[in-house]
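Here's entry17.cif, which has mmCIF, C-alpha atoms (C1' of nucleotides):
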```
data_upload
loop_
_atom_site.group_PDB
_atom_site.id
_atom_site.type_symbol
_atom_site.label_atom_id
_atom_site.label_comp_id
_atom_site.auth_asym_id
_atom_site.auth_seq_id
_atom_site.Cartn_x
_atom_site.Cartn_y
_atom_site.Cartn_z
ATOM 1 C CA MET G 1 31.487 4.671 0.841
ATOM 2 C CA ASN G 2 29.753 7.756 2.231
ATOM 3 C CA VAL G 3 28.280 8.183 5.691
ATOM 4 C CA ASN G 4 24.750 7.283 4.646
ATOM 5 C CA ALA G 5 25.917 4.139 2.887
ATOM 6 C CA THR G 6 27.746 2.995 5.994
ATOM 7 C CA LEU G 7 24.717 3.771 8.142
ATOM 8 C CA LEU G 8 22.262 2.017 5.826
ATOM 9 C CA GLU G 9 24.510 -1.043 5.724
ATOM 10 C CA GLU G 10 24.787 -1.015 9.516
ATOM 11 C CA ILE G 11 21.010 -0.743 9.914
ATOM 12 C CA TYR G 12 20.579 -3.628 7.480
ATOM 13 C CA HIS G 13 22.936 -5.890 9.381
ATOM 14 C CA THR G 14 21.299 -4.992 12.691
ATOM 15 C CA LEU G 15 17.881 -5.842 11.285
ATOM 16 C CA LEU G 16 19.185 -9.082 9.787
ATOM 17 C CA LYS G 17 20.793 -10.096 13.053
ATOM 18 C CA THR G 18 17.598 -9.247 14.929
ATOM 19 C CA TYR G 19 15.031 -10.883 12.665
ATOM 20 C CA GLY G 20 16.992 -13.289 10.482
ATOM 21 C CA PRO G 21 16.440 -13.859 6.748
ATOM 22 C CA GLN G 22 12.826 -13.201 5.764
ATOM 23 C CA HIS G 23 12.690 -15.367 2.622
ATOM 24 C CA TRP G 24 10.428 -12.985 0.720
ATOM 25 C CA TRP G 25 8.169 -12.841 -1.251
ATOM 26 C CA PRO G 26 5.689 -15.321 0.251
ATOM 27 C CA GLY G 27 4.359 -16.440 -3.142
ATOM 28 C CA GLU G 28 4.856 -19.718 -4.996
ATOM 29 C CA THR G 29 5.289 -18.285 -8.496
ATOM 30 C CA PRO G 30 6.198 -14.911 -10.040
ATOM 31 C CA PHE G 31 2.604 -14.529 -11.189
ATOM 32 C CA GLU G 32 1.330 -15.153 -7.679
ATOM 33 C CA VAL G 33 3.771 -12.515 -6.447
ATOM 34 C CA CYS G 34 2.300 -9.997 -8.904
ATOM 35 C CA ILE G 35 -1.237 -10.778 -7.777
ATOM 36 C CA GLY G 36 -0.194 -10.532 -4.136
ATOM 37 C CA ALA G 37 1.496 -7.186 -4.766
ATOM 38 C CA ILE G 38 -1.782 -5.734 -6.015
ATOM 39 C CA LEU G 39 -3.943 -7.373 -3.368
ATOM 40 C CA THR G 40 -1.738 -6.226 -0.486
ATOM 41 C CA GLN G 41 -2.213 -2.534 -1.270
ATOM 42 C CA ASN G 42 -3.072 -0.905 2.054
ATOM 43 C CA THR G 43 -4.051 -4.291 3.437
ATOM 44 C CA ASN G 44 -2.785 -6.763 5.993
ATOM 45 C CA TRP G 45 -0.968 -9.671 4.338
ATOM 46 C CA GLY G 46 -3.007 -12.220 6.270
ATOM 47 C CA ASN G 47 -6.112 -11.051 4.457
ATOM 48 C CA VAL G 48 -4.296 -11.291 1.136
ATOM 49 C CA GLU G 49 -3.404 -14.915 1.827
ATOM 50 C CA LYS G 50 -7.074 -15.722 2.237
ATOM 51 C CA ALA G 51 -7.906 -14.078 -1.070
ATOM 52 C CA ILE G 52 -5.105 -15.919 -2.881
ATOM 53 C CA ALA G 53 -6.262 -19.199 -1.349
ATOM 54 C CA ASN G 54 -9.728 -18.515 -2.766
ATOM 55 C CA LEU G 55 -8.253 -17.873 -6.221
ATOM 56 C CA LYS G 56 -6.313 -21.128 -6.050
ATOM 57 C CA ALA G 57 -9.321 -23.099 -4.863
ATOM 58 C CA ALA G 58 -11.327 -21.707 -7.776
ATOM 59 C CA ALA G 59 -8.464 -22.585 -10.147
ATOM 60 C CA VAL G 60 -8.333 -19.041 -11.527
ATOM 61 C CA LEU G 61 -4.839 -18.022 -10.464
ATOM 62 C CA ASN G 62 -3.645 -17.622 -14.031
ATOM 63 C CA VAL G 63 -3.706 -14.868 -16.633
ATOM 64 C CA ALA G 64 -6.467 -16.201 -18.876
ATOM 65 C CA ALA G 65 -8.858 -17.204 -16.110
ATOM 66 C CA LEU G 66 -8.524 -13.916 -14.253
ATOM 67 C CA ALA G 67 -9.039 -11.954 -17.450
ATOM 68 C CA ASP G 68 -12.189 -13.893 -18.305
ATOM 69 C CA LEU G 69 -13.858 -13.822 -14.887
ATOM 70 C CA GLN G 70 -16.886 -11.653 -14.320
ATOM 71 C CA PRO G 71 -15.773 -8.676 -12.196
ATOM 72 C CA SER G 72 -18.386 -9.472 -9.551
ATOM 73 C CA ALA G 73 -17.220 -13.106 -9.334
ATOM 74 C CA LEU G 74 -13.596 -12.042 -8.990
ATOM 75 C CA ALA G 75 -14.525 -9.457 -6.373
ATOM 76 C CA GLU G 76 -16.284 -12.124 -4.345
ATOM 77 C CA LEU G 77 -13.203 -14.374 -4.423
ATOM 78 C CA ILE G 78 -10.876 -11.626 -3.216
ATOM 79 C CA ARG G 79 -13.315 -10.150 -0.702
ATOM 80 C CA PRO G 80 -11.100 -10.934 2.332
ATOM 81 C CA ALA G 81 -8.376 -8.641 0.957
ATOM 82 C CA GLY G 82 -10.613 -5.598 1.259
ATOM 83 C CA TYR G 83 -11.357 -2.987 -1.422
ATOM 84 C CA PHE G 84 -12.527 -5.990 -3.406
ATOM 85 C CA ASN G 85 -14.306 -4.087 -6.173
ATOM 86 C CA VAL G 86 -11.326 -1.804 -6.735
ATOM 87 C CA LYS G 87 -8.822 -4.649 -6.603
ATOM 88 C CA ALA G 88 -10.839 -6.901 -8.897
ATOM 89 C CA ASP G 89 -10.614 -4.175 -11.527
ATOM 90 C CA ARG G 90 -6.889 -3.664 -10.873
ATOM 91 C CA LEU G 91 -6.157 -7.385 -11.218
ATOM 92 C CA GLN G 92 -7.991 -7.495 -14.521
ATOM 93 C CA GLN G 93 -6.260 -4.343 -15.733
ATOM 94 C CA PHE G 94 -2.941 -6.072 -15.023
ATOM 95 C CA VAL G 95 -3.674 -9.438 -16.655
ATOM 96 C CA ARG G 96 -5.224 -7.768 -19.700
ATOM 97 C CA PHE G 97 -2.145 -5.592 -19.988
ATOM 98 C CA LEU G 98 -0.067 -8.784 -19.944
ATOM 99 C CA GLN G 99 -2.258 -10.349 -22.614
ATOM 100 C CA VAL G 100 -2.244 -7.343 -24.931
ATOM 101 C CA GLN G 101 1.358 -6.208 -24.497
ATOM 102 C CA HIS G 102 3.173 -9.466 -23.631
ATOM 103 C CA GLN G 103 1.094 -12.379 -24.864
ATOM 104 C CA GLY G 104 0.243 -13.114 -21.242
ATOM 105 C CA SER G 105 3.890 -13.811 -20.466
ATOM 106 C CA LEU G 106 5.797 -12.474 -17.457
ATOM 107 C CA ASP G 107 9.027 -13.558 -19.141
ATOM 108 C CA SER G 108 8.185 -11.144 -21.931
ATOM 109 C CA LEU G 109 7.356 -8.398 -19.426
ATOM 110 C CA PHE G 110 10.691 -8.788 -17.672
ATOM 111 C CA HIS G 111 12.739 -9.196 -20.838
ATOM 112 C CA ALA G 112 13.356 -5.475 -21.408
ATOM 113 C CA PRO G 113 15.714 -3.383 -19.258
ATOM 114 C CA TRP G 114 13.951 -3.173 -15.917
ATOM 115 C CA GLN G 115 13.781 0.626 -15.894
ATOM 116 C CA GLN G 116 11.739 0.353 -19.068
ATOM 117 C CA THR G 117 9.538 -2.318 -17.519
ATOM 118 C CA ARG G 118 8.961 -0.063 -14.524
ATOM 119 C CA THR G 119 7.766 2.756 -16.754
ATOM 120 C CA GLU G 120 5.500 0.305 -18.549
ATOM 121 C CA LEU G 121 4.030 -1.070 -15.314
ATOM 122 C CA LEU G 122 3.251 2.447 -14.122
ATOM 123 C CA THR G 123 0.989 2.939 -17.136
ATOM 124 C CA VAL G 124 -1.296 0.176 -15.868
ATOM 125 C CA LYS G 125 -4.225 1.601 -13.933
ATOM 126 C CA GLY G 126 -3.991 0.420 -10.355
ATOM 127 C CA ILE G 127 -0.240 -0.141 -10.350
ATOM 128 C CA GLY G 128 1.533 2.670 -8.544
ATOM 129 C CA PRO G 129 5.237 3.003 -7.735
ATOM 130 C CA GLU G 130 5.341 0.663 -4.736
ATOM 131 C CA THR G 131 3.396 -2.083 -6.490
ATOM 132 C CA ALA G 132 5.538 -1.716 -9.610
ATOM 133 C CA ASP G 133 8.738 -1.954 -7.590
ATOM 134 C CA SER G 134 7.434 -4.965 -5.663
ATOM 135 C CA ILE G 135 6.625 -6.716 -8.923
ATOM 136 C CA LEU G 136 10.038 -5.864 -10.373
ATOM 137 C CA LEU G 137 11.998 -6.916 -7.297
ATOM 138 C CA TYR G 138 10.107 -9.942 -6.061
ATOM 139 C CA ALA G 139 8.574 -11.349 -9.255
ATOM 140 C CA GLY G 140 11.130 -10.157 -11.809
ATOM 141 C CA GLN G 141 14.268 -10.378 -9.662
ATOM 142 C CA LYS G 142 15.274 -6.862 -10.725
ATOM 143 C CA PRO G 143 17.251 -4.519 -8.423
ATOM 144 C CA SER G 144 14.499 -1.963 -7.882
ATOM 145 C CA PHE G 145 14.287 -0.884 -4.236
ATOM 146 C CA VAL G 146 10.807 -0.957 -2.684
ATOM 147 C CA VAL G 147 9.906 1.695 -0.169
ATOM 148 C CA ASP G 148 6.685 1.813 1.799
ATOM 149 C CA ALA G 149 5.026 3.550 4.730
ATOM 150 C CA TYR G 150 7.294 1.703 7.194
ATOM 151 C CA THR G 151 10.407 2.815 5.322
ATOM 152 C CA ARG G 152 9.326 6.434 5.515
ATOM 153 C CA ARG G 153 8.461 6.213 9.216
ATOM 154 C CA ILE G 154 11.637 4.428 10.240
ATOM 155 C CA PHE G 155 14.163 6.412 8.260
ATOM 156 C CA SER G 156 12.562 9.785 8.859
ATOM 157 C CA ARG G 157 12.476 9.092 12.600
ATOM 158 C CA LEU G 158 16.111 8.160 12.418
ATOM 159 C CA GLY G 159 16.652 11.599 10.925
ATOM 160 C CA LEU G 160 18.032 10.340 7.620
ATOM 161 C CA VAL G 161 15.247 11.722 5.438
ATOM 162 C CA PRO G 162 12.446 14.288 5.873
ATOM 163 C CA GLU G 163 9.148 12.830 7.105
ATOM 164 C CA GLU G 164 7.279 14.316 4.159
ATOM 165 C CA ILE G 165 9.671 12.875 1.568
ATOM 166 C CA GLY G 166 7.986 11.576 -1.565
ATOM 167 C CA TYR G 167 8.087 8.000 -2.811
ATOM 168 C CA ASP G 168 10.538 8.563 -5.647
ATOM 169 C CA GLN G 169 12.833 10.715 -3.537
ATOM 170 C CA LEU G 170 12.939 8.129 -0.766
ATOM 171 C CA ARG G 171 13.573 5.366 -3.288
ATOM 172 C CA ASP G 172 16.342 7.407 -4.887
ATOM 173 C CA PHE G 173 17.939 7.823 -1.461
ATOM 174 C CA PHE G 174 18.364 4.052 -1.198
ATOM 175 C CA MET G 175 19.083 3.416 -4.876
ATOM 176 C CA THR G 176 21.864 5.988 -5.064
ATOM 177 C CA THR G 177 23.346 5.163 -1.680
ATOM 178 C CA LEU G 178 23.386 1.371 -1.780
ATOM 179 C CA PRO G 179 24.988 -0.950 -4.318
ATOM 180 C CA ALA G 180 22.388 -2.332 -6.755
ATOM 181 C CA SER G 181 21.684 -5.908 -5.707
ATOM 182 C CA THR G 182 18.443 -7.817 -6.078
ATOM 183 C CA ALA G 183 19.149 -10.114 -3.136
ATOM 184 C CA PHE G 184 20.168 -7.201 -0.910
ATOM 185 C CA PHE G 185 17.166 -5.049 -1.829
ATOM 186 C CA ASN G 186 14.883 -8.039 -1.396
ATOM 187 C CA GLU G 187 16.056 -8.739 2.124
ATOM 188 C CA TYR G 188 16.299 -5.087 3.141
ATOM 189 C CA HIS G 189 12.701 -4.256 2.303
ATOM 190 C CA ALA G 190 11.443 -7.446 3.932
ATOM 191 C CA LEU G 191 13.367 -6.646 7.105
ATOM 192 C CA ILE G 192 12.009 -3.098 7.164
ATOM 193 C CA VAL G 193 8.473 -4.460 6.979
ATOM 194 C CA GLN G 194 9.189 -7.021 9.687
ATOM 195 C CA HIS G 195 10.589 -4.318 11.955
ATOM 196 C CA GLY G 196 7.819 -1.912 11.077
ATOM 197 C CA LYS G 197 5.125 -4.403 12.014
ATOM 198 C CA GLN G 198 6.574 -4.711 15.488
ATOM 199 C CA TYR G 199 7.662 -1.199 16.299
ATOM 200 C CA CYS G 200 6.333 1.350 13.892
ATOM 201 C CA ARG G 201 2.610 1.301 14.398
ATOM 202 C CA PRO G 202 1.515 4.784 15.383
ATOM 203 C CA ARG G 203 0.476 4.780 19.018
ATOM 204 C CA PRO G 204 0.290 7.441 21.704
ATOM 205 C CA GLY G 205 3.671 8.373 23.055
ATOM 206 C CA CYS G 206 5.577 5.993 20.823
ATOM 207 C CA LYS G 207 7.592 7.047 17.834
ATOM 208 C CA GLY G 208 8.639 3.516 17.005
ATOM 209 C CA CYS G 209 12.009 2.401 15.738
ATOM 210 C CA CYS G 210 13.344 1.154 19.059
ATOM 211 C CA LEU G 211 15.954 -1.083 17.616
ATOM 212 C CA ALA G 212 18.982 -1.183 19.930
ATOM 213 C CA ARG G 213 21.637 0.919 18.195
ATOM 214 C CA PHE G 214 19.032 2.680 16.082
ATOM 215 C CA CYS G 215 16.612 3.897 18.692
ATOM 216 C CA CYS G 216 14.463 6.967 18.352
ATOM 217 C CA SER G 217 13.952 9.329 21.251
ATOM 218 C CA CYS G 218 10.723 7.878 22.613
ATOM 219 C CA GLN G 219 12.540 5.354 24.861
ATOM 220 C CA CYS G 220 9.695 2.845 24.735
ATOM 221 C CA GLU G 221 10.330 -0.896 24.625
ATOM 222 C "C1'" DG E 1 -15.958 -0.224 18.945
ATOM 223 C "C1'" DG E 2 -11.889 1.894 17.093
ATOM 224 C "C1'" DC E 3 -7.629 1.647 14.835
ATOM 225 C "C1'" DC E 4 -4.660 -0.078 11.470
ATOM 226 C "C1'" DA E 5 -2.749 -2.648 7.555
ATOM 227 C "C1'" DG E 6 3.345 -4.349 2.767
ATOM 228 C "C1'" DG E 7 -1.636 2.035 -1.949
ATOM 229 C "C1'" DA E 8 -3.632 4.122 -5.776
ATOM 230 C "C1'" DC E 9 -6.611 7.132 -7.978
ATOM 231 C "C1'" DA E 10 -10.327 10.579 -8.806
ATOM 232 C "C1'" DC E 11 -11.637 14.959 -7.825
ATOM 233 C "C1'" DC E 12 -11.241 19.717 -6.659
ATOM 234 C "C1'" DA E 13 -9.393 24.272 -5.721
ATOM 235 C "C1'" DT H 1 0.243 20.705 -8.209
ATOM 236 C "C1'" DG H 2 -0.992 19.510 -3.726
ATOM 237 C "C1'" DG H 3 -4.573 18.224 -0.490
ATOM 238 C "C1'" DT H 4 -8.595 15.351 0.471
ATOM 239 C "C1'" DG H 5 -11.964 11.650 -0.024
ATOM 240 C "C1'" DT H 6 -12.839 6.919 -1.356
ATOM 241 C "C1'" DC H 7 -12.310 2.148 -1.574
ATOM 242 C "C1'" DA H 8 -13.414 -2.315 2.730
ATOM 243 C "C1'" DT H 9 -12.081 -6.582 5.131
ATOM 244 C "C1'" DG H 10 -10.249 -8.839 9.295
ATOM 245 C "C1'" DG H 11 -7.208 -8.928 13.435
ATOM 246 C "C1'" DC H 12 -6.040 -6.978 17.738
#
```
Could the structure of this file be written out as structure tokens, please?
Amino acid sequence: MNVNATLLEEIYHTLLKTYGPQHWWPGETPFEVCIGAILTQNTNWGNVEKAIANLKAAAVLNVAALADLQPSALAELIRPAGYFNVKADRLQQFVRFLQVQHQGSLDSLFHAPWQQTRTELLTVKGIGPETADSILLYAGQKPSFVVDAYTRRIFSRLGLVPEEIGYDQLRDFFMTTLPASTAFFNEYHALIVQHGKQYCRPRPGCKGCCLARFCCSCQCE
DNA sequence: GGCCAGGACACCA
DNA sequence: TGGTGTCATGGC
């Protein structure tokens, strides 16, 4: 095990000890996880929950119903999640992709080797790398590490990666350093988000990441 | 009232 | 190919 692997494992265990198991993703079904992954793009999860509740109340949280809804009606239902016009289109792009390519079945989507599924997901307009990896990991139970803005902030401030590192490079850093494990990747990303919410918001004088053993130089909190 | 949140894409030089 | 603008609500 190299130095980075040891460090990443140590950070993981510190986060787990600090925050406890996160039990992600907060969705009842794999399909709901997919919808949540799209709705949460650049948006607070609390707002996403409201949008999903609206979809459930309208009994349209399924492939066929979402595909058949008028865009304006769907946008109105997901309004609390923000970017509602954009996201209504992205949701319909996704469910129509499922219908055309996989008979509306997530089982079919996840049947192929996951690297192939990832490439396929990235062809869907509105699904970028983070959303694709979230869908793979949390809906498909595939060992694809999810990185996000918090991951970049935390691990660049710890000096492990450059601040300007790209998504794929940062993902590769974790994927090539850590053993491939769905459960491990699931918990790790969730813990990073939990920590990021508390300590990594940009604010004057604070660089975040003040987690005991893994503290940055700002000395706050 | 301003800032930020579990991004992605179109457009332009 | 890399930088910039756009999409938008709700909580603090």
With a cut-off of 7 Å, could you pull out the residues of chain G touching chain E and give me the nearest pair of atoms for each, distance in Å to one decimal, using only C-alpha atoms (C1' of nucleotides), ordered by chain and ascending number, as a Markdown table?
```
| residue | atom | partner | partner_atom | distance |
| --- | --- | --- | --- | --- |
| G:Thr40 | CA | E:DG6 | C1' | 6.3 |
| G:Gln41 | CA | E:DG7 | C1' | 4.7 |
| G:Asn42 | CA | E:DG7 | C1' | 5.2 |
| G:Thr43 | CA | E:DA5 | C1' | 4.6 |
| G:Asn44 | CA | E:DA5 | C1' | 4.4 |
| G:Gly126 | CA | E:DA8 | C1' | 5.9 |
| G:Gly128 | CA | E:DA8 | C1' | 6.0 |
| G:Val193 | CA | E:DG6 | C1' | 6.6 |
```
Inset, instruction - Determine the residue set returned by the PyMOL selection byres ((chain H) within 7 of (chain G)) for the present structure, and present it as a PyMOL selection string. - result: chain H and resi 7-10
Inset, instruction - For the point (2.5, -9.3, -15.2) in the file's frame, write as JSON, numbers by chain all residues with an atom no more than 10 Å away, counting only C-alpha atoms (C1' of nucleotides). - result: {"G": [30, 31, 32, 33, 34, 35, 63, 91, 94, 95, 96, 97, 98, 99, 101, 102, 104, 105, 106, 107, 108, 109, 110, 121, 132, 135, 136, 139, 140]}
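Rounded to one decimal, CA of Ser72 (chain G) and CA of Val60 (chain G) lie 14.0 Å from each other.
Non-sequential neighbours of Ala149 (chain G) (distance at most 12 Å, separation of 5 or more positions within a chain, only C-alpha atoms (C1' of nucleotides)) are Gln41, Asn42, Glu130, Ile154, Phe155, Ser156, Glu163, Glu164, Ile165, Gly166, Tyr167, Leu170, Arg171, His189, Ile192, Val193, Gly196, Lys197, Cys200, Arg201 and Pro202 of chain G; DA5, DG6 and DG7 of chain E.
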Inset, instruction - Place a sphere of radius 6 Å on (8.8, 1.7, -5.5) in the file coordinates and name every protein, DNA or RNA residue with an atom inside or on its surface, counting only C-alpha atoms (C1' of nucleotides); give the answer as a PyMOL selection string. - result: chain G and resi 129-130+133+146-147
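Note that the spacing between CA of Glu49 (chain G) and CA of Tyr150 (chain G) amounts to 20.5 Å.
Put simply, CA of Tyr188 (chain G) is 20.0 Å away from CA of Gln115 (chain G).
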Work out where the centre of an axis-aligned box around every listed atom of region 3-6 of chain E lies and how long its edges are once 4 Å is added on each side; give both in Å to one decimal as lines of an AutoDock Vina configuration file.
```
center_x = -2.1
center_y = -1.4
center_z = 8.8
size_x = 19.0
size_y = 14.0
size_z = 20.1
```
